[in-house]
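Novice: Sharing target.cif, mmCIF, C-alpha atoms (C1' of nucleotides):
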data_my_file
#
loop_
_atom_site.group_PDB
_atom_site.id
_atom_site.type_symbol
_atom_site.label_atom_id
_atom_site.label_comp_id
_atom_site.auth_asym_id
_atom_site.auth_seq_id
_atom_site.Cartn_x
_atom_site.Cartn_y
_atom_site.Cartn_z
ATOM 1 C CA MET Z 1 67.029 108.246 73.708
ATOM 2 C CA GLU Z 2 67.891 104.866 75.084
ATOM 3 C CA THR Z 3 65.944 103.604 78.066
ATOM 4 C CA THR Z 4 67.614 102.180 81.137
ATOM 5 C CA VAL Z 5 65.915 98.859 80.478
ATOM 6 C CA GLU Z 6 67.418 98.731 77.015
ATOM 7 C CA LEU Z 7 70.805 99.682 78.404
ATOM 8 C CA LEU Z 8 70.779 96.732 80.781
ATOM 9 C CA LYS Z 9 69.571 94.312 78.121
ATOM 10 C CA GLU Z 10 72.243 95.396 75.691
ATOM 11 C CA HIS Z 11 74.784 94.471 78.332
ATOM 12 C CA SER Z 12 73.165 91.081 78.977
ATOM 13 C CA LEU Z 13 72.157 91.985 82.494
ATOM 14 C CA LYS Z 14 68.762 91.159 83.979
ATOM 15 C CA VAL Z 15 66.543 94.120 84.618
ATOM 16 C CA THR Z 16 66.083 94.377 88.363
ATOM 17 C CA PRO Z 17 64.765 97.276 90.441
ATOM 18 C CA GLN Z 18 68.118 97.565 92.165
ATOM 19 C CA ARG Z 19 70.013 97.880 88.904
ATOM 20 C CA LEU Z 20 67.557 100.389 87.529
ATOM 21 C CA LYS Z 21 68.037 102.431 90.658
ATOM 22 C CA ILE Z 22 71.839 102.304 90.468
ATOM 23 C CA ILE Z 23 71.747 103.556 86.905
ATOM 24 C CA ALA Z 24 69.184 106.211 87.768
ATOM 25 C CA MET Z 25 71.399 107.453 90.594
ATOM 26 C CA LEU Z 26 74.428 107.617 88.335
ATOM 27 C CA GLU Z 27 72.457 109.420 85.643
ATOM 28 C CA LYS Z 28 71.237 111.925 88.180
ATOM 29 C CA HIS Z 29 74.458 112.547 90.093
ATOM 30 C CA GLY Z 30 77.049 111.768 87.471
ATOM 31 C CA HIS Z 31 79.714 110.373 89.778
ATOM 32 C CA LEU Z 32 79.180 108.410 92.976
ATOM 33 C CA THR Z 33 81.316 106.386 95.356
ATOM 34 C CA ILE Z 34 80.297 102.916 96.533
ATOM 35 C CA ASP Z 35 79.360 104.428 99.839
ATOM 36 C CA GLU Z 36 77.200 107.114 98.285
ATOM 37 C CA LEU Z 37 75.471 104.576 96.074
ATOM 38 C CA TYR Z 38 74.735 102.435 99.105
ATOM 39 C CA ARG Z 39 73.337 105.302 101.170
ATOM 40 C CA LEU Z 40 71.116 106.541 98.369
ATOM 41 C CA MET Z 41 69.979 103.022 97.612
ATOM 42 C CA LEU Z 42 68.948 102.459 101.227
ATOM 43 C CA GLN Z 43 66.422 105.275 100.949
ATOM 44 C CA GLU Z 44 64.415 103.342 98.407
ATOM 45 C CA PHE Z 45 65.424 99.774 99.308
ATOM 46 C CA PRO Z 46 65.881 99.620 103.077
ATOM 47 C CA ASN Z 47 66.902 95.969 102.902
ATOM 48 C CA VAL Z 48 69.457 96.267 100.152
ATOM 49 C CA SER Z 49 72.738 94.566 100.901
ATOM 50 C CA LEU Z 50 76.060 96.259 100.386
ATOM 51 C CA ALA Z 51 77.072 93.100 98.561
ATOM 52 C CA THR Z 52 74.404 93.856 95.986
ATOM 53 C CA ILE Z 53 76.038 97.196 95.294
ATOM 54 C CA TYR Z 54 79.472 95.647 94.922
ATOM 55 C CA LYS Z 55 78.272 92.783 92.770
ATOM 56 C CA ASN Z 56 76.331 95.041 90.473
ATOM 57 C CA ILE Z 57 79.046 97.620 90.186
ATOM 58 C CA ASN Z 58 81.544 94.921 89.310
ATOM 59 C CA GLN Z 59 79.245 93.311 86.764
ATOM 60 C CA MET Z 60 78.345 96.597 85.145
ATOM 61 C CA ALA Z 61 81.998 97.508 85.000
ATOM 62 C CA GLU Z 62 82.862 94.170 83.389
ATOM 63 C CA THR Z 63 80.252 94.676 80.710
ATOM 64 C CA ARG Z 64 81.409 98.265 80.386
ATOM 65 C CA LEU Z 65 78.046 99.761 81.150
ATOM 66 C CA ILE Z 66 79.743 101.773 83.864
ATOM 67 C CA GLN Z 67 83.332 102.659 84.598
ATOM 68 C CA GLU Z 68 85.461 103.254 87.657
ATOM 69 C CA VAL Z 69 87.215 106.601 87.909
ATOM 70 C CA LYS Z 70 90.118 106.653 90.336
ATOM 71 C CA ILE Z 71 90.367 110.011 92.049
ATOM 72 C CA PRO Z 72 93.773 111.233 93.203
ATOM 73 C CA GLY Z 73 93.673 111.499 96.973
ATOM 74 C CA GLY Z 74 90.102 110.267 97.141
ATOM 75 C CA LYS Z 75 87.781 107.329 96.741
ATOM 76 C CA SER Z 76 86.908 105.900 93.369
ATOM 77 C CA VAL Z 77 83.706 107.091 91.780
ATOM 78 C CA TYR Z 78 81.612 105.341 89.168
ATOM 79 C CA GLU Z 79 79.973 106.757 86.086
ATOM 80 C CA ILE Z 80 78.008 105.528 83.112
ATOM 81 C CA VAL Z 81 80.199 104.934 80.082
ATOM 82 C CA LYS Z 82 79.680 107.712 77.567
ATOM 83 C CA GLU Z 83 82.043 109.256 75.074
ATOM 84 C CA PRO Z 84 85.680 109.676 76.205
ATOM 85 C CA HIS Z 85 86.248 112.685 78.421
ATOM 86 C CA LEU Z 86 88.424 114.225 81.107
ATOM 87 C CA HIS Z 87 87.660 114.569 84.782
ATOM 88 C CA MET Z 88 87.961 117.706 86.857
ATOM 89 C CA VAL Z 89 88.131 117.431 90.636
ATOM 90 C CA CYS Z 90 87.609 120.495 92.802
ATOM 91 C CA ASP Z 91 90.029 120.824 95.720
ATOM 92 C CA ARG Z 92 87.480 122.760 97.754
ATOM 93 C CA CYS Z 93 84.094 121.103 97.254
ATOM 94 C CA HIS Z 94 85.487 117.817 95.949
ATOM 95 C CA LYS Z 95 82.995 117.548 93.149
ATOM 96 C CA VAL Z 96 83.888 115.611 90.034
ATOM 97 C CA GLU Z 97 82.903 116.886 86.619
ATOM 98 C CA ASP Z 98 83.318 115.706 83.064
ATOM 99 C CA ILE Z 99 84.696 117.890 80.351
ATOM 100 C CA ILE Z 100 84.907 116.887 76.751
ATOM 101 C CA ILE Z 101 87.919 118.171 74.894
ATOM 102 C CA GLY Z 102 90.139 116.610 72.291
ATOM 103 C CA THR Z 103 92.913 114.371 73.548
ATOM 104 C CA ASP Z 104 94.297 113.398 70.145
ATOM 105 C CA LYS Z 105 97.245 115.754 70.317
ATOM 106 C CA ILE Z 106 98.573 114.674 73.676
ATOM 107 C CA ILE Z 107 98.030 111.019 72.816
ATOM 108 C CA LYS Z 108 99.901 111.402 69.531
ATOM 109 C CA GLU Z 109 102.698 113.180 71.323
ATOM 110 C CA ALA Z 110 102.863 110.491 73.989
ATOM 111 C CA GLU Z 111 102.901 107.738 71.365
ATOM 112 C CA THR Z 112 105.819 109.384 69.623
ATOM 113 C CA ALA Z 113 107.731 109.957 72.838
ATOM 114 C CA SER Z 114 107.138 106.504 74.316
ATOM 115 C CA GLY Z 115 106.697 104.119 71.417
ATOM 116 C CA TYR Z 116 103.504 102.796 72.995
ATOM 117 C CA GLN Z 117 100.408 101.947 70.988
ATOM 118 C CA ILE Z 118 97.943 103.811 73.141
ATOM 119 C CA GLN Z 119 94.484 102.325 73.644
ATOM 120 C CA GLU Z 120 92.914 104.584 76.228
ATOM 121 C CA SER Z 121 93.634 107.710 78.223
ATOM 122 C CA PHE Z 122 92.779 108.556 81.815
ATOM 123 C CA ILE Z 123 93.096 112.241 82.490
ATOM 124 C CA THR Z 124 92.100 113.871 85.741
ATOM 125 C CA LEU Z 125 92.801 117.489 86.596
ATOM 126 C CA ARG Z 126 92.756 118.943 90.078
ATOM 127 C CA GLY Z 127 91.961 122.565 90.823
ATOM 128 C CA ILE Z 128 89.350 125.072 91.907
ATOM 129 C CA CYS Z 129 85.952 124.996 90.250
ATOM 130 C CA PRO Z 130 84.232 128.191 89.063
ATOM 131 C CA ASP Z 131 81.759 128.132 91.971
ATOM 132 C CA CYS Z 132 84.486 127.877 94.594
ATOM 133 C CA GLN Z 133 86.515 130.632 92.916
ATOM 134 C CA LYS Z 134 83.644 133.033 93.605
ATOM 135 C CA GLY Z 135 82.617 131.970 97.120
ATOM 136 C CA MET B 1 123.036 115.154 93.313
ATOM 137 C CA GLU B 2 120.989 115.033 96.448
ATOM 138 C CA THR B 3 121.582 112.206 98.868
ATOM 139 C CA THR B 4 118.775 110.125 100.289
ATOM 140 C CA VAL B 5 119.675 111.324 103.755
ATOM 141 C CA GLU B 6 119.291 114.921 102.656
ATOM 142 C CA LEU B 7 116.007 114.095 100.970
ATOM 143 C CA LEU B 8 114.563 112.737 104.197
ATOM 144 C CA LYS B 9 115.845 115.650 106.260
ATOM 145 C CA GLU B 10 114.382 118.186 103.876
ATOM 146 C CA HIS B 11 111.039 116.552 104.463
ATOM 147 C CA SER B 12 111.457 116.593 108.246
ATOM 148 C CA LEU B 13 111.568 112.832 108.480
ATOM 149 C CA LYS B 14 114.030 110.952 110.658
ATOM 150 C CA VAL B 15 116.640 109.005 108.791
ATOM 151 C CA THR B 16 116.017 105.342 109.490
ATOM 152 C CA PRO B 17 117.332 102.266 107.697
ATOM 153 C CA GLN B 18 113.809 101.315 106.690
ATOM 154 C CA ARG B 19 113.130 104.681 105.099
ATOM 155 C CA LEU B 20 116.433 104.669 103.301
ATOM 156 C CA LYS B 21 115.580 101.263 101.929
ATOM 157 C CA ILE B 22 112.107 102.317 100.764
ATOM 158 C CA ILE B 23 113.581 105.235 98.889
ATOM 159 C CA ALA B 24 116.354 103.096 97.446
ATOM 160 C CA MET B 25 113.783 100.590 96.183
ATOM 161 C CA LEU B 26 111.723 103.309 94.573
ATOM 162 C CA GLU B 27 114.802 104.839 92.971
ATOM 163 C CA LYS B 28 115.800 101.468 91.604
ATOM 164 C CA HIS B 29 112.435 100.214 90.393
ATOM 165 C CA GLY B 30 110.643 103.464 89.686
ATOM 166 C CA HIS B 31 107.141 102.325 90.608
ATOM 167 C CA LEU B 32 106.174 99.803 93.273
ATOM 168 C CA THR B 33 102.991 98.664 94.965
ATOM 169 C CA ILE B 34 102.687 98.363 98.736
ATOM 170 C CA ASP B 35 102.938 94.627 98.358
ATOM 171 C CA GLU B 36 106.065 94.815 96.240
ATOM 172 C CA LEU B 37 107.681 97.221 98.679
ATOM 173 C CA TYR B 38 106.902 94.865 101.536
ATOM 174 C CA ARG B 39 108.303 91.795 99.791
ATOM 175 C CA LEU B 40 111.494 93.546 98.788
ATOM 176 C CA MET B 41 111.866 95.031 102.235
ATOM 177 C CA LEU B 42 111.567 91.609 103.852
ATOM 178 C CA GLN B 43 114.695 90.475 102.042
ATOM 179 C CA GLU B 44 116.813 92.967 103.938
ATOM 180 C CA PHE B 45 114.690 93.415 107.074
ATOM 181 C CA PRO B 46 113.114 90.045 107.860
ATOM 182 C CA ASN B 47 111.265 91.484 110.861
ATOM 183 C CA VAL B 48 109.843 94.525 109.165
ATOM 184 C CA SER B 49 106.170 95.077 109.814
ATOM 185 C CA LEU B 50 103.699 95.801 107.057
ATOM 186 C CA ALA B 51 102.502 98.653 109.242
ATOM 187 C CA THR B 52 105.922 100.222 108.880
ATOM 188 C CA ILE B 53 105.496 100.244 105.130
ATOM 189 C CA TYR B 54 102.058 101.807 105.360
ATOM 190 C CA LYS B 55 103.067 104.390 107.945
ATOM 191 C CA ASN B 56 106.134 105.433 105.999
ATOM 192 C CA ILE B 57 104.388 105.552 102.668
ATOM 193 C CA ASN B 58 101.656 107.705 104.157
ATOM 194 C CA GLN B 59 104.121 110.039 105.848
ATOM 195 C CA MET B 60 106.283 110.379 102.783
ATOM 196 C CA ALA B 61 103.198 111.057 100.703
ATOM 197 C CA GLU B 62 102.030 113.727 103.157
ATOM 198 C CA THR B 63 105.356 115.502 102.975
ATOM 199 C CA ARG B 64 105.303 115.005 99.213
ATOM 200 C CA LEU B 65 108.554 113.114 99.099
ATOM 201 C CA ILE B 66 106.704 110.371 97.274
ATOM 202 C CA GLN B 67 103.412 110.228 95.457
ATOM 203 C CA GLU B 68 100.691 107.677 94.887
ATOM 204 C CA VAL B 69 99.840 106.848 91.294
ATOM 205 C CA LYS B 70 96.444 105.229 90.852
ATOM 206 C CA ILE B 71 96.530 102.702 88.057
ATOM 207 C CA PRO B 72 93.336 102.056 86.084
ATOM 208 C CA GLY B 73 92.337 98.460 86.685
ATOM 209 C CA GLY B 74 95.295 97.837 88.969
ATOM 210 C CA LYS B 75 96.854 98.544 92.324
ATOM 211 C CA SER B 76 98.314 101.904 93.207
ATOM 212 C CA VAL B 77 102.033 102.319 92.782
ATOM 213 C CA TYR B 78 104.311 104.792 94.506
ATOM 214 C CA GLU B 79 107.098 106.883 93.071
ATOM 215 C CA ILE B 80 109.481 109.568 94.208
ATOM 216 C CA VAL B 81 108.236 113.043 93.400
ATOM 217 C CA LYS B 82 110.193 114.438 90.479
ATOM 218 C CA GLU B 83 109.175 116.826 87.744
ATOM 219 C CA PRO B 84 105.585 116.475 86.439
ATOM 220 C CA HIS B 85 105.132 113.670 83.957
ATOM 221 C CA LEU B 86 102.684 111.225 82.410
ATOM 222 C CA HIS B 87 102.345 107.535 83.132
ATOM 223 C CA MET B 88 102.182 104.768 80.574
ATOM 224 C CA VAL B 89 100.812 101.375 81.594
ATOM 225 C CA CYS B 90 101.359 98.348 79.384
ATOM 226 C CA ASP B 91 98.318 96.102 78.953
ATOM 227 C CA ARG B 92 100.509 93.060 78.384
ATOM 228 C CA CYS B 93 103.396 93.224 80.852
ATOM 229 C CA HIS B 94 101.726 95.722 83.189
ATOM 230 C CA LYS B 95 104.817 97.823 83.617
ATOM 231 C CA VAL B 96 104.476 101.489 84.475
ATOM 232 C CA GLU B 97 106.727 104.049 82.861
ATOM 233 C CA ASP B 98 107.146 107.792 83.063
ATOM 234 C CA ILE B 99 107.228 109.981 80.031
ATOM 235 C CA ILE B 100 107.906 113.665 80.130
ATOM 236 C CA ILE B 101 106.006 115.710 77.606
ATOM 237 C CA GLY B 102 104.398 119.097 77.792
ATOM 238 C CA THR B 103 100.919 119.247 79.275
ATOM 239 C CA ASP B 104 100.468 122.997 79.026
ATOM 240 C CA LYS B 105 98.244 122.853 75.985
ATOM 241 C CA ILE B 106 95.729 120.360 77.295
ATOM 242 C CA ILE B 107 95.653 122.097 80.665
ATOM 243 C CA LYS B 108 95.017 125.474 79.037
ATOM 244 C CA GLU B 109 92.307 123.961 76.913
ATOM 245 C CA ALA B 110 90.711 122.308 79.922
ATOM 246 C CA GLU B 111 90.840 125.554 81.904
ATOM 247 C CA THR B 112 89.079 127.375 79.116
ATOM 248 C CA ALA B 113 86.459 124.676 78.682
ATOM 249 C CA SER B 114 85.749 124.183 82.382
ATOM 250 C CA GLY B 115 86.512 127.468 84.100
ATOM 251 C CA TYR B 116 88.653 125.628 86.649
ATOM 252 C CA GLN B 117 91.926 127.012 87.963
ATOM 253 C CA ILE B 118 93.963 123.870 87.452
ATOM 254 C CA GLN B 119 96.643 123.020 89.992
ATOM 255 C CA GLU B 120 97.810 119.589 88.923
ATOM 256 C CA SER B 121 97.253 117.003 86.235
ATOM 257 C CA PHE B 122 97.121 113.221 86.478
ATOM 258 C CA ILE B 123 97.478 111.605 83.114
ATOM 259 C CA THR B 124 97.790 107.873 82.607
ATOM 260 C CA LEU B 125 97.746 106.193 79.231
ATOM 261 C CA ARG B 126 97.067 102.525 78.636
ATOM 262 C CA GLY B 127 98.450 100.590 75.685
ATOM 263 C CA ILE B 128 101.118 98.238 74.417
ATOM 264 C CA CYS B 129 104.732 99.009 75.191
ATOM 265 C CA PRO B 130 107.453 98.791 72.521
ATOM 266 C CA ASP B 131 108.832 95.532 73.962
ATOM 267 C CA CYS B 132 105.457 93.806 73.903
ATOM 268 C CA GLN B 133 104.765 95.040 70.361
ATOM 269 C CA LYS B 134 107.769 93.051 69.176
ATOM 270 C CA GLY B 135 107.384 89.878 71.253
ATOM 271 C "C1'" DT W 1 49.425 82.333 82.178
ATOM 272 C "C1'" DC W 2 52.077 78.989 84.305
ATOM 273 C "C1'" DA W 3 55.813 76.371 85.294
ATOM 274 C "C1'" DC W 4 60.898 76.033 84.746
ATOM 275 C "C1'" DT W 5 65.582 77.668 84.694
ATOM 276 C "C1'" DA W 6 69.073 80.783 85.644
ATOM 277 C "C1'" DA W 7 70.486 84.502 87.798
ATOM 278 C "C1'" DA W 8 70.089 88.177 91.386
ATOM 279 C "C1'" DA W 9 69.166 89.677 96.083
ATOM 280 C "C1'" DG W 10 69.901 89.489 100.875
ATOM 281 C "C1'" DA W 11 72.334 87.823 104.910
ATOM 282 C "C1'" DT W 12 76.311 86.400 106.608
ATOM 283 C "C1'" DA W 13 80.896 84.971 106.805
ATOM 284 C "C1'" DA W 14 85.364 85.240 105.090
ATOM 285 C "C1'" DA W 15 89.173 87.400 103.056
ATOM 286 C "C1'" DT W 16 91.800 91.390 102.137
ATOM 287 C "C1'" DT W 17 93.531 95.801 102.934
ATOM 288 C "C1'" DT W 18 94.551 99.620 105.848
ATOM 289 C "C1'" DT W 19 94.789 101.947 110.252
ATOM 290 C "C1'" DT W 20 95.427 102.169 115.097
ATOM 291 C "C1'" DT W 21 97.314 101.020 119.579
ATOM 292 C "C1'" DC W 22 100.764 99.865 122.669
ATOM 293 C "C1'" DC W 23 105.220 98.925 123.952
ATOM 294 C "C1'" DT W 24 110.071 98.766 122.758
ATOM 295 C "C1'" DT W 25 113.850 100.606 120.228
ATOM 296 C "C1'" DA W 26 116.383 104.025 117.937
ATOM 297 C "C1'" DA W 27 117.416 108.738 116.138
ATOM 298 C "C1'" DA W 28 118.049 113.628 116.999
ATOM 299 C "C1'" DT W 29 119.165 117.327 120.196
ATOM 300 C "C1'" DT W 30 121.593 119.454 123.880
ATOM 301 C "C1'" DA T 1 126.003 110.712 127.650
ATOM 302 C "C1'" DA T 2 121.252 111.977 128.947
ATOM 303 C "C1'" DT T 3 116.907 113.451 127.401
ATOM 304 C "C1'" DT T 4 113.305 113.964 124.207
ATOM 305 C "C1'" DT T 5 110.797 112.618 120.424
ATOM 306 C "C1'" DA T 6 109.636 109.830 116.907
ATOM 307 C "C1'" DA T 7 109.928 105.256 114.557
ATOM 308 C "C1'" DG T 8 109.622 100.261 114.432
ATOM 309 C "C1'" DG T 9 107.397 95.882 115.452
ATOM 310 C "C1'" DA T 10 103.544 93.116 116.928
ATOM 311 C "C1'" DA T 11 99.022 92.692 117.355
ATOM 312 C "C1'" DA T 12 94.415 94.133 117.272
ATOM 313 C "C1'" DA T 13 90.962 96.740 115.213
ATOM 314 C "C1'" DA T 14 88.687 98.869 111.523
ATOM 315 C "C1'" DA T 15 87.438 99.289 106.912
ATOM 316 C "C1'" DT T 16 86.820 97.486 102.459
ATOM 317 C "C1'" DT T 17 85.851 93.894 99.252
ATOM 318 C "C1'" DT T 18 84.710 89.251 97.962
ATOM 319 C "C1'" DA T 19 82.619 84.743 98.566
ATOM 320 C "C1'" DT T 20 79.070 81.512 100.160
ATOM 321 C "C1'" DC T 21 74.563 80.030 100.932
ATOM 322 C "C1'" DT T 22 69.647 80.311 100.792
ATOM 323 C "C1'" DT T 23 65.600 82.661 99.171
ATOM 324 C "C1'" DT T 24 63.475 85.360 95.781
ATOM 325 C "C1'" DT T 25 62.824 87.115 91.269
ATOM 326 C "C1'" DA T 26 63.378 87.818 86.272
ATOM 327 C "C1'" DG T 27 63.437 85.742 81.815
ATOM 328 C "C1'" DT T 28 61.929 81.904 78.792
ATOM 329 C "C1'" DG T 29 59.032 78.886 76.475
ATOM 330 C "C1'" DA T 30 55.285 75.626 76.636
#
Written as structure tokens, that's how I'd like the structure from this file.
Specialist:
Amino acid sequence: METTVELLKEHSLKVTPQRLKIIAMLEKHGHLTIDELYRLMLQEFPNVSLATIYKNINQMAETRLIQEVKIPGGKSVYEIVKEPHLHMVCDRCHKVEDIIIGTDKIIKEAETASGYQIQESFITLRGICPDCQKG
Amino acid sequence: METTVELLKEHSLKVTPQRLKIIAMLEKHGHLTIDELYRLMLQEFPNVSLATIYKNINQMAETRLIQEVKIPGGKSVYEIVKEPHLHMVCDRCHKVEDIIIGTDKIIKEAETASGYQIQESFITLRGICPDCQKG
DNA sequence: TCACTAAAAGATAAATTTTTTCCTTAAATT
DNA sequence: AATTTAAGGAAAAAATTTATCTTTTAGTGA
């Protein structure tokens, strides 16, 4: 398993406590908005500047350590880049989850229908999560 | 074929020249950003306020006459609500296109994998359009 | 380990984007 | 046509994001 320090170094980013914390938060929570990152960060670094969050998020996104996920009808969340996956958003509790299923078929079909050479897919599905179906 | 006037009335929105123009622009161009809508609008209504664009876009989105499409790595565009479809974004010329292909399979698969009751899908694919493949 | 260099953090300001307010104007209803 | 209600325009305010400047810190190599 790769350490967070290694992850930063591989992306040519200096290892700072703030960056380690951002990654730790994303690893723990999966998906966080800028605002959520800032609030959580303040608990451990009371003097952190919001600019530090923005600068780091932008740098990590440029180096593709993390990735922005635009949420329909909501604020963008950020996640650590892993294998390609879909996003599920719950209408009730608004949580965002990853699911990993094959996208080859729909991409092939879209390539045929459109003539595009497709490089990447962004798929987000909105609905009711299993927890909220019960409650 | 439904008229623009009827479209507005069905959504309980007053028929104003500005709204008719917004819809006409979206019907002509397919997908436009706030900024593009504002610039085009200024040509016909030199005194139009940017707030008018925002207020109308938000109202039309609430009544689901139009819909926001969040573009990965770009600004949101708006389109008139039609039948469900996918979006293709060209990496080179940055145009946004609709393609209509079945999404039942991937939605079924995602429902099985996640346990969600899926209500709506947002699928955007990034790649090179046929025109840019030639040029 | 200690300096040196380059980059990051924090604070603040600036720029950008979006929303709100207030007043005037226009559309819908009777 | 008169009344009611909502929309438009202008401006301010709020919210979000980026840039600037100075101080601090991490990485590098002697």
Novice: Please identify every residue of chain W that has at least one atom no more than 9 Å from any atom of chain Z, counting only C-alpha atoms (C1' of nucleotides), and report them as a list of chain:residue names.
Specialist: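 That gives the following set of residues: W:DA7, W:DA8, W:DA9, W:DG10, W:DA11.
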Novice: Output as number ranges by chain the set of chain Z residues within 9 Å of chain B, with distances taken over only C-alpha atoms.
Specialist: Z: 68-73, 86, 88, 90, 97-103, 105-107, 109-110, 113-130, 133
Novice: Extract, using all atoms listed in the file, all DNA, RNA and protein residues at most 9 Å from W:DA26, discarding same-chain residues fewer than 6 positions from it, and format them as number ranges by chain.
Specialist: B: 16; T: 6-8
Novice: Residues of chain T within 12 Å of chain Z, counting only C-alpha atoms (C1' of nucleotides) - could you list those as a PyMOL selection string?
Specialist: chain T and resi 15-20+24-27
Novice: Convert the output of the PyMOL selection byres ((chain B and resi 22-34) around 9) on the shown file into explicit residues, formatted as a PyMOL selection string.
Specialist: chain B and resi 4+17-21+35-41+50+53-54+56-57+66+69+75-80+95-98
Novice: Please indicate the distance in Å from atom CA of Z:Glu6 to atom CA of Z:Glu44, rounded to one decimal place.
Specialist: 22.1 Å
Novice: As an exercise, work out the distance from atom CA of Z:Cys93 to atom CA of Z:Gly74 in Å and give it to one decimal place.
Specialist: 12.4 Å
Novice: Would you work out the distance separating atom CA of Z:His11 from atom CA of Z:Leu65, expressed in Å to one decimal?
Specialist: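 We find that atom CA of Z:His11 and atom CA of Z:Leu65 lie 6.8 Å from each other.
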Novice: Would you fill the gaps in stretch 61-77 of chain B so it has N, CA and C atoms, then print it as a CSV table (one decimal), keeping the file's coordinate frame?
Specialist:
chain,number,residue,atom,x,y,z
B,61,ALA,N,104.2,110.5,101.6
B,61,ALA,CA,103.2,111.1,100.7
B,61,ALA,C,102.7,112.4,101.2
B,62,GLU,N,102.5,112.5,102.6
B,62,GLU,CA,102.0,113.7,103.2
B,62,GLU,C,103.1,114.8,103.0
B,63,THR,N,104.3,114.5,103.1
B,63,THR,CA,105.4,115.5,103.0
B,63,THR,C,105.8,115.7,101.5
B,64,ARG,N,105.1,114.9,100.7
B,64,ARG,CA,105.3,115.0,99.2
B,64,ARG,C,106.7,114.6,98.8
B,65,LEU,N,107.3,113.7,99.5
B,65,LEU,CA,108.6,113.1,99.1
B,65,LEU,C,108.2,112.1,98.0
B,66,ILE,N,107.2,111.3,98.3
B,66,ILE,CA,106.7,110.4,97.3
B,66,ILE,C,105.3,110.7,96.9
B,67,GLN,N,104.7,109.9,96.0
B,67,GLN,CA,103.4,110.2,95.5
B,67,GLN,C,102.7,108.9,95.0
B,68,GLU,N,101.5,108.8,95.3
B,68,GLU,CA,100.7,107.7,94.9
B,68,GLU,C,100.3,107.9,93.4
B,69,VAL,N,100.4,106.8,92.7
B,69,VAL,CA,99.8,106.8,91.3
B,69,VAL,C,98.8,105.8,91.2
B,70,LYS,N,97.5,106.2,91.0
B,70,LYS,CA,96.4,105.2,90.9
B,70,LYS,C,96.4,104.7,89.4
B,71,ILE,N,96.5,103.4,89.4
B,71,ILE,CA,96.5,102.7,88.1
B,71,ILE,C,95.1,102.2,87.7
B,72,PRO,N,94.6,102.6,86.5
B,72,PRO,CA,93.3,102.1,86.1
B,72,PRO,C,93.3,100.5,86.0
B,73,GLY,N,92.4,99.9,86.7
B,73,GLY,CA,92.3,98.5,86.7
B,73,GLY,C,93.4,97.7,87.4
B,74,GLY,N,94.2,98.5,88.2
B,74,GLY,CA,95.3,97.8,89.0
B,74,GLY,C,95.5,98.5,90.3
B,75,LYS,N,96.5,98.0,91.0
B,75,LYS,CA,96.9,98.5,92.3
B,75,LYS,C,97.7,99.8,92.2
B,76,SER,N,97.5,100.7,93.2
B,76,SER,CA,98.3,101.9,93.2
B,76,SER,C,99.8,101.6,93.3
B,77,VAL,N,100.6,102.4,92.6
B,77,VAL,CA,102.0,102.3,92.8
B,77,VAL,C,102.5,103.6,93.4
